Structure formats: C-alpha cells, structure tokens
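Dumped structure-v3.txt below, it's compact mmCIF, C-alpha atoms:
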# COMPACT_ATOMS: atom_id res chain seq x y z
CA MET O 1 87.90 177.91 102.69
CA ILE O 2 85.10 175.57 103.84
CA LYS O 3 86.25 172.94 101.33
CA LYS O 4 89.82 173.21 102.60
CA LYS O 5 88.66 172.68 106.18
CA ASP O 6 86.54 169.72 105.08
CA ASN O 7 89.58 168.18 103.37
CA LEU O 8 91.65 168.73 106.50
CA GLN O 9 88.99 167.03 108.63
CA ALA O 10 88.75 164.13 106.16
CA ASN O 11 92.52 163.62 106.15
CA LEU O 12 92.54 163.62 109.95
CA ASN O 13 89.72 161.06 110.09
CA ILE O 14 91.55 158.65 107.78
CA PHE O 15 94.76 159.27 109.74
CA LEU O 16 92.99 158.27 112.97
CA ILE O 17 91.46 155.17 111.36
CA ILE O 18 94.96 154.04 110.37
CA VAL O 19 96.25 154.65 113.89
CA ALA O 20 93.36 152.65 115.38
CA THR O 21 94.02 149.82 112.91
CA LEU O 22 97.71 149.66 113.81
CA VAL O 23 96.93 149.63 117.54
CA ALA O 24 94.40 146.81 117.04
CA ILE O 25 96.94 144.84 115.00
CA GLY O 26 99.43 145.40 117.79
CA LEU O 27 97.14 143.95 120.44
CA VAL O 28 96.44 140.85 118.34
CA PHE O 29 100.08 140.13 117.58
CA ILE O 30 101.42 141.05 121.00
CA TYR O 31 99.23 138.27 122.34
CA SER O 32 100.10 135.91 119.49
CA SER O 33 103.86 136.49 119.70
CA SER O 34 104.20 136.63 123.49
CA CYS O 35 101.73 134.03 124.77
CA VAL O 36 104.26 131.18 124.96
CA TYR O 37 106.95 133.30 126.62
CA ALA O 38 104.39 134.89 128.98
CA MET O 39 103.05 131.50 130.01
CA GLU O 40 106.56 130.23 130.69
CA LYS O 41 107.71 133.27 132.68
CA PHE O 42 104.52 134.61 134.29
CA SER O 43 102.14 131.62 134.09
CA SER O 44 99.68 133.74 132.10
CA ALA O 45 99.46 133.76 128.31
CA GLN O 46 97.70 137.16 128.46
CA TYR O 47 100.33 138.87 130.64
CA PHE O 48 101.81 141.19 128.00
CA VAL O 49 98.61 141.90 126.09
CA LYS O 50 96.88 142.89 129.35
CA LYS O 51 99.71 145.30 130.15
CA GLN O 52 99.50 146.71 126.62
CA ALA O 53 95.72 147.12 127.01
CA PHE O 54 96.38 149.10 130.20
CA GLY O 55 98.87 151.21 128.27
CA LEU O 56 96.21 151.76 125.61
CA ILE O 57 93.80 153.06 128.25
CA LEU O 58 96.47 155.46 129.51
CA GLY O 59 97.17 156.45 125.91
CA LEU O 60 93.52 157.27 125.26
CA ILE O 61 93.48 159.37 128.42
CA SER O 62 96.62 161.18 127.21
CA ILE O 63 94.91 161.89 123.87
CA LEU O 64 91.97 163.46 125.69
CA PHE O 65 94.25 165.42 128.03
CA VAL O 66 96.40 166.84 125.23
CA PHE O 67 93.34 167.53 123.08
CA ILE O 68 91.64 169.76 125.67
CA LEU O 69 94.76 171.86 126.32
CA PRO O 70 94.65 175.20 124.47
CA LEU O 71 97.27 175.24 121.71
CA LYS O 72 98.33 178.69 122.90
CA PHE O 73 99.14 177.17 126.31
CA ILE O 74 101.13 174.32 124.73
CA LYS O 75 103.21 176.86 122.81
CA LYS O 76 103.83 178.82 126.00
CA ILE O 77 105.09 175.86 128.04
CA THR O 78 107.13 174.28 125.22
CA PRO O 79 110.55 175.56 126.45
CA TYR O 80 109.83 174.38 130.00
CA LEU O 81 108.59 171.03 128.71
CA PHE O 82 111.77 170.53 126.68
CA TRP O 83 114.25 171.42 129.43
CA GLY O 84 112.20 169.48 131.99
CA SER O 85 112.13 166.31 129.87
CA LEU O 86 115.84 166.76 129.16
CA ALA O 87 116.54 166.88 132.89
CA LEU O 88 114.33 163.85 133.45
CA THR O 89 116.18 161.90 130.76
CA SER O 90 119.49 162.94 132.36
CA ALA O 91 118.29 161.25 135.57
CA THR O 92 118.83 157.87 133.86
CA MET O 93 122.52 158.41 134.62
CA ILE O 94 121.88 158.54 138.38
CA PRO O 95 122.53 155.21 140.15
CA GLY O 96 119.59 153.98 142.17
CA ILE O 97 117.05 155.76 139.98
CA ALA O 98 118.05 154.34 136.61
CA GLN O 99 116.87 150.88 135.66
CA ARG O 100 119.15 148.97 133.30
CA ILE O 101 117.50 146.63 130.78
CA HIS O 102 119.37 144.76 128.01
CA GLY O 103 122.52 146.73 128.85
CA SER O 104 120.94 150.20 128.50
CA ALA O 105 119.93 152.60 131.28
CA ARG O 106 116.92 154.13 129.52
CA TRP O 107 114.32 153.61 132.24
CA ILE O 108 113.58 155.35 135.52
CA ASN O 109 111.99 153.51 138.42
CA LEU O 110 109.99 155.75 140.76
CA PHE O 111 107.77 154.29 143.46
CA GLY O 112 107.69 150.95 141.66
CA PHE O 113 106.62 152.51 138.34
CA SER O 114 109.06 152.23 135.41
CA PHE O 115 108.98 154.51 132.40
CA GLN O 116 111.28 155.71 129.62
CA PRO O 117 111.75 159.51 129.83
CA SER O 118 113.37 159.69 126.40
CA GLU O 119 109.92 158.96 124.93
CA ILE O 120 108.74 162.26 126.43
CA LEU O 121 111.94 163.99 125.31
CA LYS O 122 111.46 163.12 121.64
CA ILE O 123 108.04 164.84 121.65
CA SER O 124 109.36 167.91 123.44
CA VAL O 125 112.29 168.22 121.00
CA ILE O 126 109.87 168.42 118.07
CA LEU O 127 107.75 171.01 119.89
CA TYR O 128 110.80 173.07 120.83
CA ILE O 129 112.24 173.09 117.30
CA ALA O 130 108.83 174.15 115.92
CA TYR O 131 108.66 176.85 118.61
CA PHE O 132 112.20 177.96 117.72
CA ILE O 133 111.39 178.16 113.99
CA VAL O 134 108.48 180.49 114.79
CA LYS O 135 110.62 182.71 117.01
CA LYS O 136 113.45 182.93 114.47
CA GLN O 137 111.27 183.15 111.37
CA ASP O 138 113.03 186.29 110.11
CA LYS O 139 116.56 185.04 110.93
CA LEU O 140 116.60 181.48 109.57
CA ASN O 141 119.59 182.20 107.33
CA SER O 142 121.68 183.49 110.22
CA PHE O 143 124.26 181.04 111.54
CA PHE O 144 124.68 182.59 115.00
CA ASN O 145 121.08 183.66 115.60
CA ALA O 146 119.30 180.55 114.32
CA TYR O 147 121.40 177.61 113.15
CA LEU O 148 124.00 177.48 115.93
CA PRO O 149 121.39 177.47 118.75
CA VAL O 150 119.65 174.52 117.05
CA LEU O 151 122.96 172.65 116.87
CA VAL O 152 123.54 173.30 120.58
CA ILE O 153 120.05 172.02 121.47
CA LEU O 154 120.54 168.96 119.28
CA GLY O 155 124.05 168.38 120.63
CA ILE O 156 122.96 168.43 124.29
CA THR O 157 120.07 166.09 123.53
CA SER O 158 122.30 163.69 121.59
CA VAL O 159 124.97 163.54 124.29
CA ILE O 160 122.42 162.63 126.96
CA LEU O 161 120.81 159.96 124.77
CA LEU O 162 124.19 158.47 123.80
CA LYS O 163 125.13 158.19 127.48
CA GLN O 164 122.21 155.79 128.08
CA PRO O 165 123.19 154.56 125.40
CA ASP O 166 120.42 155.00 122.80
CA PHE O 167 122.09 155.39 119.42
CA GLY O 168 118.89 154.52 117.54
CA LEU O 169 116.76 157.25 119.09
CA THR O 170 119.60 159.74 118.63
CA VAL O 171 119.69 158.98 114.89
CA THR O 172 115.89 159.23 114.73
CA ILE O 173 115.70 162.62 116.45
CA VAL O 174 118.62 164.11 114.51
CA SER O 175 117.13 162.93 111.19
CA THR O 176 113.72 164.36 112.10
CA VAL O 177 115.10 167.74 113.18
CA PHE O 178 117.19 168.13 110.03
CA THR O 179 114.11 167.32 107.93
CA MET O 180 112.25 170.10 109.76
CA LEU O 181 115.13 172.52 109.20
CA PHE O 182 115.25 171.67 105.49
CA VAL O 183 111.51 172.27 105.08
CA ALA O 184 111.81 175.51 107.08
CA LYS O 185 114.42 176.65 104.51
CA PHE O 186 117.39 177.04 106.81
CA ASN O 187 120.55 177.84 104.88
CA SER O 188 121.21 174.72 102.78
CA LYS O 189 124.98 175.28 102.97
CA TYR O 190 124.91 174.87 106.74
CA LEU O 191 122.78 171.72 106.47
CA ILE O 192 125.08 170.10 103.90
CA LEU O 193 128.24 170.91 105.87
CA THR O 194 126.70 169.58 109.09
CA PHE O 195 125.54 166.39 107.37
CA ALA O 196 129.05 165.90 105.96
CA ALA O 197 130.51 166.33 109.46
CA LEU O 198 128.01 163.88 110.96
CA ILE O 199 129.24 160.99 108.80
CA PRO O 200 132.74 160.73 110.36
CA ALA O 201 131.22 161.54 113.77
CA ALA O 202 128.80 158.60 113.46
CA ALA O 203 131.62 156.36 112.27
CA THR O 204 133.69 157.36 115.32
CA LEU O 205 130.78 156.60 117.66
CA VAL O 206 130.54 153.14 116.11
CA LEU O 207 134.27 152.43 116.33
CA ILE O 208 134.72 153.52 119.97
CA LYS O 209 132.03 151.10 121.16
CA PRO O 210 132.86 147.46 120.30
CA TYR O 211 129.22 146.34 120.54
CA ARG O 212 128.19 148.89 117.88
CA LEU O 213 130.94 147.71 115.55
CA GLN O 214 129.85 144.12 116.20
CA ARG O 215 126.28 145.06 115.20
CA ILE O 216 127.58 146.44 111.90
CA LEU O 217 129.65 143.30 111.24
CA THR O 218 126.68 141.10 112.17
CA PHE O 219 124.45 143.11 109.84
CA LEU O 220 126.91 142.61 106.97
CA ASN O 221 127.24 138.86 107.61
CA PRO O 222 125.01 137.36 110.33
CA TRP O 223 126.07 133.85 109.31
CA GLN O 224 129.60 134.37 110.61
CA ASP O 225 128.25 133.71 114.12
CA PRO O 226 124.85 132.00 113.68
CA GLN O 227 124.63 130.84 117.30
CA GLY O 228 125.86 134.12 118.77
CA SER O 229 125.60 137.69 117.50
CA GLY O 230 123.88 136.64 114.28
CA PHE O 231 121.25 134.45 115.95
CA GLN O 232 118.53 137.09 116.32
CA ILE O 233 118.60 138.43 112.78
CA ILE O 234 118.83 134.90 111.32
CA GLN O 235 115.76 133.83 113.30
CA SER O 236 113.98 136.99 112.15
CA LEU O 237 114.74 136.19 108.52
CA ILE O 238 113.58 132.59 109.04
CA ALA O 239 110.30 133.88 110.47
CA ILE O 240 109.74 136.28 107.56
CA GLY O 241 110.73 133.66 104.98
CA SER O 242 108.47 131.01 106.56
CA GLY O 243 105.41 133.17 106.02
CA GLY O 244 105.34 132.78 102.26
CA LEU O 245 102.48 134.56 100.51
CA TRP O 246 99.63 134.11 103.01
CA GLY O 247 101.45 133.12 106.21
CA VAL O 248 101.15 130.13 108.51
CA GLY O 249 98.06 131.55 110.22
CA ILE O 250 97.57 133.87 113.19
CA ALA O 251 98.83 132.28 116.44
CA ASN O 252 100.60 129.50 114.48
CA SER O 253 104.11 130.98 114.57
CA LYS O 254 106.94 128.54 115.30
CA GLN O 255 109.57 131.22 115.90
CA LYS O 256 107.79 132.45 119.04
CA PHE O 257 108.70 129.15 120.74
CA PHE O 258 111.90 130.70 122.17
CA TYR O 259 113.69 130.91 118.81
CA LEU O 260 113.28 134.63 118.10
CA PRO O 261 114.26 136.96 121.00
CA MET O 262 112.19 140.13 121.60
CA GLN O 263 109.44 138.67 119.47
CA HIS O 264 106.75 140.95 120.92
CA THR O 265 108.84 144.14 121.01
CA ASP O 266 111.57 144.99 118.48
CA PHE O 267 110.89 141.99 116.22
CA ILE O 268 107.10 141.80 116.28
CA PHE O 269 107.02 142.49 112.53
CA SER O 270 108.87 139.20 111.96
CA ILE O 271 106.06 137.31 113.71
CA ILE O 272 103.44 139.27 111.76
CA ALA O 273 105.23 138.34 108.52
CA GLU O 274 105.44 134.69 109.55
CA GLU O 275 101.77 134.45 110.48
CA THR O 276 100.25 136.62 107.72
CA GLY O 277 102.87 136.28 104.98
CA LEU O 278 103.75 138.75 102.26
CA ILE O 279 100.15 140.01 102.10
CA GLY O 280 100.09 140.92 105.81
CA SER O 281 103.57 142.48 105.62
CA LEU O 282 102.53 144.68 102.69
CA CYS O 283 99.43 145.74 104.63
CA ILE O 284 101.63 146.97 107.51
CA ILE O 285 103.96 148.81 105.14
CA THR O 286 100.99 150.34 103.29
CA LEU O 287 99.44 151.57 106.55
CA PHE O 288 102.64 153.35 107.61
CA THR O 289 103.12 154.79 104.10
CA ALA O 290 99.57 156.14 104.16
CA LEU O 291 100.16 157.54 107.66
CA LEU O 292 103.19 159.46 106.41
CA PHE O 293 101.39 160.70 103.30
CA LEU O 294 98.34 161.91 105.23
CA GLY O 295 100.49 163.46 107.96
CA ILE O 296 102.40 165.51 105.39
CA ARG O 297 99.14 166.55 103.72
CA ILE O 298 97.74 167.66 107.06
CA SER O 299 100.93 169.59 107.83
CA LEU O 300 100.91 171.40 104.47
CA SER O 301 97.25 172.36 104.98
CA LEU O 302 97.92 174.25 108.21
CA LYS O 303 98.34 178.02 108.22
CA ASP O 304 99.95 178.37 111.65
CA ILE O 305 103.73 177.89 111.44
CA PHE O 306 104.07 176.24 114.85
CA SER O 307 101.26 173.83 113.96
CA LYS O 308 102.72 173.04 110.54
CA PHE O 309 106.17 172.10 111.83
CA THR O 310 104.93 170.29 114.92
CA VAL O 311 102.72 167.96 112.85
CA LEU O 312 105.47 167.50 110.26
CA GLY O 313 108.04 166.65 112.94
CA LEU O 314 105.77 164.20 114.78
CA VAL O 315 104.79 162.35 111.59
CA ILE O 316 108.39 162.19 110.33
CA LEU O 317 109.54 160.91 113.73
CA ILE O 318 106.95 158.11 113.76
CA SER O 319 107.76 157.21 110.15
CA ILE O 320 111.52 157.06 110.69
CA GLN O 321 111.00 154.79 113.70
CA ALA O 322 108.81 152.51 111.58
CA ILE O 323 111.34 152.45 108.73
CA ILE O 324 114.19 151.58 111.09
CA ASN O 325 112.20 148.82 112.82
CA LEU O 326 111.04 147.24 109.56
CA SER O 327 114.56 147.48 108.09
CA VAL O 328 116.13 145.81 111.12
CA ALA O 329 113.59 142.96 111.07
CA ALA O 330 114.24 142.40 107.36
CA GLY O 331 118.03 142.46 107.79
CA LEU O 332 118.38 145.75 105.91
CA ALA O 333 119.83 147.69 108.87
CA PRO O 334 121.82 146.90 112.04
CA THR O 335 119.80 146.30 115.21
CA LYS O 336 118.77 149.56 116.92
CA GLY O 337 116.39 148.66 119.77
CA ILE O 338 113.50 150.64 118.28
CA GLY O 339 109.98 149.22 118.38
CA LEU O 340 107.32 149.45 115.68
CA PRO O 341 105.10 152.47 116.55
CA PHE O 342 101.58 151.58 117.76
CA VAL O 343 102.29 147.86 117.26
CA SER O 344 105.23 146.73 119.43
CA TYR O 345 104.76 146.02 123.13
CA GLY O 346 105.75 148.89 125.42
CA ASN O 347 103.50 151.02 127.62
CA THR O 348 105.62 154.19 127.69
CA SER O 349 106.10 154.09 123.94
CA LEU O 350 102.41 153.51 123.24
CA VAL O 351 101.25 156.25 125.62
CA CYS O 352 103.70 158.80 124.21
CA THR O 353 102.95 157.88 120.59
CA LEU O 354 99.22 158.24 121.24
CA CYS O 355 100.01 161.53 122.97
CA MET O 356 101.51 162.65 119.64
CA VAL O 357 98.25 161.69 117.96
CA GLY O 358 96.33 163.73 120.54
CA LEU O 359 98.58 166.70 119.81
CA ILE O 360 97.93 166.37 116.08
CA ILE O 361 94.15 166.25 116.71
CA ASN O 362 94.43 169.36 118.91
CA ILE O 363 96.40 171.22 116.26
CA VAL O 364 94.03 170.32 113.42
CA TYR O 365 90.92 171.38 115.35
CA SER O 366 92.63 174.54 116.59
CA ASN O 367 93.42 175.46 112.99
CA ILE O 368 89.96 174.52 111.70
CA TYR O 369 88.28 176.72 114.30
CA GLU O 370 91.19 179.19 114.28
CA LYS O 371 91.84 178.88 118.01
CA ILE O 372 95.49 179.73 117.45
CA SER O 373 97.83 182.51 118.38
CA ASN O 374 101.43 183.14 117.41
Represent the structure from my file as structure tokens, please.
Amino acid sequence: MIKKKDNLQANLNIFLIIVATLVAIGLVFIYSSSCVYAMEKFSSAQYFVKKQAFGLILGLISILFVFILPLKFIKKITPYLFWGSLALTSATMIPGIAQRIHGSARWINLFGFSFQPSEILKISVILYIAYFIVKKQDKLNSFFNAYLPVLVILGITSVILLKQPDFGLTVTIVSTVFTMLFVAKFNSKYLILTFAALIPAAATLVLIKPYRLQRILTFLNPWQDPQGSGFQIIQSLIAIGSGGLWGVGIANSKQKFFYLPMQHTDFIFSIIAEETGLIGSLCIITLFTALLFLGIRISLSLKDIFSKFTVLGLVILISIQAIINLSVAAGLAPTKGIGLPFVSYGNTSLVCTLCMVGLIINIVYSNIYEKISN
C-alpha cells in the first residue's frame, strides 16, 4: 500500500513538472510570436506575455484555492457548479453582455473584465459526469435511469455551445464524455448507436453553416484560395516547413511578421516548429503524450470512483484539445479555434486549465491520505 502511494506521488510529481515545462515554453513563445504584432498594435513588445504572466499568477492562485477545498465539498457542489456554469455560458447569447470576437460570441464582458464561461463549463461537465457515474453505479446498463439522462445533459450543453458558435469545444466535450462512459462500462450497444447517429448529425451541422463547409473544403485543398480562406493554413505549413530539423532559432521567426494570423494563440505551435524545428516539435508532442500517459496512470491508481473519472475526464479533455490544435496547425484537421493547452495565449484558458491541475492535485492527495467520502 505504501509503495502504491509512493508511485502515485511520483507520477503526480512528474505530471506537474511537465505542466510547468509547458507553461514556461508558452511564456517564451508567446513573447517570441507576438512581439512584432504587440509592438505594432500596443507599442509594447511585451504586451501579450505580460498579460499571460498575470493569467499565470491567477492560475497559481486557482490551483491553491482548488487544492485547499475538501474533496467532499467539491462533490457536494458539483451539480450546482454545472448548472451555474451552464447558465453563465447561456448568457453569451444576451446582447450587451456578450462580446463577439472573430465572429463568435464566446466571451462575457462584466465591469470591463472579459472571460470565456465555456472554459468553466468544460470543467463542470467532467465533474458532473463523474458525479453522475457514482450516483448511478448500480444502474449503468439502464437506458432510462442512466444513459438517457447523460444524453440530455450532453445535448443541452452542446446546443448552448453551438449557439455561440463553438463547434470545436462541443466536439471536445462530447468526445471526452463518451470516453468516460466507455471506461465506466455503460452499455456498449447504446454507445455505438449514439456514435452512429452523431455522424450524420455532425455532417448536418457542417452543411447548414456555410463557413463550416468552407473550412472543410479549405482543409481538403487550401491552395484553391491561397490569398483567402486557405491563407492561414498555408502560412502555418510554411512556418512548420521552414523550421527544418533544428529551426531558425528562437525569436527569429519570419512568419510572425504579419504573415501567420493568430500566431500567439491558435497557431503558436507553427511558430514553435519554425523556430525550434522538428526537434522542438517532437519535444512538444512528447510532453503532451507523457501528460496523457501519466494522467491515465494516476486515474487508474485511484480507489475513489469520483476521483478516478474526474482525473480521467480532465486529462482526456486536455489531450483532445492538444491533438486538435496540433492537427489544425499541421493541416491534418479543419480549423477549430482551439488553443494549445498551457502554451497558447489566453488568460481564461490558462487559469481554467491550471484549475484542472489543482483539482488533480487535490484528488491525488485526498486519495493518498484517504480524505474522501462517497
């Protein structure tokens, strides 16, 4: 038992070292990729990296705050947290409160402070599904008592996110939840039938929105409109290809000189690849792979069911976001508007992702010292 706890602590320590490394890489490349744009727009090359540093401070505070909360209390408030964050995300549809950026109303502006409530929602969804699995542990094969309520929860969440619209986050959350349901051993027949139904549903969502269809067509052949819809992905590929084996050197990117849009947010990996080459790119991929591996190991080591599925869900969510971001930058997936966790610029995203880390730390220590209660 002592050895098992030592292994759990060791896995957590390595997990945290990887997180810290990714955050540090993010700060370096946010400055490197944004300095030219920041100087042009805000007359300060450090504008974005300073804001990210402030977000990091808030994120560290959120880690501490979540860590000191009793896990029993977190379980108790999970339903209220979910429905509250769902209501907050719904507020993005209210004119005057919602702030539209790049065509999407995903932000809320209150008293001059802007944040993205869907970042809070994605955490609360994972918590609520883990909470639900615990409550329905003896009825997981029942369609009406277990599976249908999950579909309703997921359906309401998806509709609200699609109204923003945020197709990428919807796909991420749905994929994460179905992974959790599969591991929890929900009836596989229900999962397969739902997955089969989601394919035409996703195709319909693409076809009814011309910009989504255009993204698919651009993904298939960006060179059909190199100065228009294909410009961003072409510039991303140029950046990645220019890096070669070792890269052009940190801060020596050419694509950041107003060639590659969103170079410090959704496409920061392209700048990393340009400046550090194949070696640097493989390091980023290796770090996220190790994060997933360790997260799953931590999850499987936990005795408490709520803890097990919360950690699993959070790690899968982070990993899917990373996979989507890296795939988009490399031209392997249509653009989704999803940043690279811990690395891309974005205060709300960084704070909420670090909050997930704080929750994982809380869960691990609660299980090590058995401060848990079902």
Of O:Leu245, O:Leu217, O:Leu198, O:Leu354, the one sitting nearest Gly230 (chain O) when using only C-alpha atoms is O:Leu217
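Relative to CA of Val206 (chain O), CA of Ser188 (chain O) is found at 27.0 Å.
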Selection near region 17-25 of chain O, 6 Å with only C-alpha atoms, sequence-local residues under 2 positions removed, as a ChimeraX atom specification = /O:14-15,27-28,342-343
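Between CA of Cys352 (chain O) and CA of Ile61 (chain O) there is a distance of 11.1 Å.
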Up to 12 Å from (125.8, 136.7, 112.3) in the file's coordinates: name the residues, counting all atoms listed in the file, as a CSV table (one decimal) with C-alpha atoms, in the coordinates of the input.
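Output file result_20.csv follows:
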chain,number,residue,atom,x,y,z
O,214,GLN,CA,129.8,144.1,116.2
O,215,ARG,CA,126.3,145.1,115.2
O,216,ILE,CA,127.6,146.4,111.9
O,217,LEU,CA,129.6,143.3,111.2
O,218,THR,CA,126.7,141.1,112.2
O,219,PHE,CA,124.4,143.1,109.8
O,220,LEU,CA,126.9,142.6,107.0
O,221,ASN,CA,127.2,138.9,107.6
O,222,PRO,CA,125.0,137.4,110.3
O,223,TRP,CA,126.1,133.8,109.3
O,224,GLN,CA,129.6,134.4,110.6
O,225,ASP,CA,128.2,133.7,114.1
O,226,PRO,CA,124.8,132.0,113.7
O,227,GLN,CA,124.6,130.8,117.3
O,228,GLY,CA,125.9,134.1,118.8
O,229,SER,CA,125.6,137.7,117.5
O,230,GLY,CA,123.9,136.6,114.3
O,231,PHE,CA,121.2,134.4,116.0
O,232,GLN,CA,118.5,137.1,116.3
O,233,ILE,CA,118.6,138.4,112.8
O,234,ILE,CA,118.8,134.9,111.3
O,235,GLN,CA,115.8,133.8,113.3
O,236,SER,CA,114.0,137.0,112.2
O,237,LEU,CA,114.7,136.2,108.5
O,331,GLY,CA,118.0,142.5,107.8
O,334,PRO,CA,121.8,146.9,112.0
O,335,THR,CA,119.8,146.3,115.2
At a cut-off of 8 Å around the point (97.0, 133.9, 100.4) (file coordinates), what residues fall inside when counting all atoms listed in the file? I'd like the answer as a PyMOL selection string.
chain O and resi 245-247+277+279
| task | Using all atoms listed in the file, determine which residues lie at most 10 Å from Met356 (chain O), disregarding the query and same-chain residues fewer than 2 positions distant; provide the list as a PyMOL selection string. | result | chain O and resi 59+62-63+66+120+123+310-311+314-315+318+350-354+358-362
Please produce a file of the residues just selected, as a PDB file, in the coordinates of the input, where the atoms kept are C-alpha atoms.
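Output (result.pdb):
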ATOM      1  CA  GLY O  59      97.170 156.450 125.910  1.00  0.00           C
ATOM      2  CA  SER O  62      96.620 161.180 127.210  1.00  0.00           C
ATOM      3  CA  ILE O  63      94.910 161.890 123.870  1.00  0.00           C
ATOM      4  CA  VAL O  66      96.400 166.840 125.230  1.00  0.00           C
ATOM      5  CA  ILE O 120     108.740 162.260 126.430  1.00  0.00           C
ATOM      6  CA  ILE O 123     108.040 164.840 121.650  1.00  0.00           C
ATOM      7  CA  THR O 310     104.930 170.290 114.920  1.00  0.00           C
ATOM      8  CA  VAL O 311     102.720 167.960 112.850  1.00  0.00           C
ATOM      9  CA  LEU O 314     105.770 164.200 114.780  1.00  0.00           C
ATOM     10  CA  VAL O 315     104.790 162.350 111.590  1.00  0.00           C
ATOM     11  CA  ILE O 318     106.950 158.110 113.760  1.00  0.00           C
ATOM     12  CA  LEU O 350     102.410 153.510 123.240  1.00  0.00           C
ATOM     13  CA  VAL O 351     101.250 156.250 125.620  1.00  0.00           C
ATOM     14  CA  CYS O 352     103.700 158.800 124.210  1.00  0.00           C
ATOM     15  CA  THR O 353     102.950 157.880 120.590  1.00  0.00           C
ATOM     16  CA  LEU O 354      99.220 158.240 121.240  1.00  0.00           C
ATOM     17  CA  GLY O 358      96.330 163.730 120.540  1.00  0.00           C
ATOM     18  CA  LEU O 359      98.580 166.700 119.810  1.00  0.00           C
ATOM     19  CA  ILE O 360      97.930 166.370 116.080  1.00  0.00           C
ATOM     20  CA  ILE O 361      94.150 166.250 116.710  1.00  0.00           C
ATOM     21  CA  ASN O 362      94.430 169.360 118.910  1.00  0.00           C
TER      22      ASN O 362
END
Quick one: everything within 12 Å of Gln255 (chain O), counting only C-alpha atoms, minus sequence neighbours fewer than 4 positions away in the same chain. Send it as number ranges by chain.
O: 32-34, 36-37, 232-243, 248, 251, 259-264, 267-268, 270-275
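If you look at CA of Leu8 (chain O) and CA of Cys355 (chain O), they are 19.8 Å away from each other.
Counting only C-alpha atoms, region 171-180 of chain O has the following residues at most 7 Å away, ignoring those fewer than 6 positions along the same chain: Lys122, Phe309, Gly313, Ile316, Leu317, Ile320 and Gln321 of chain O.
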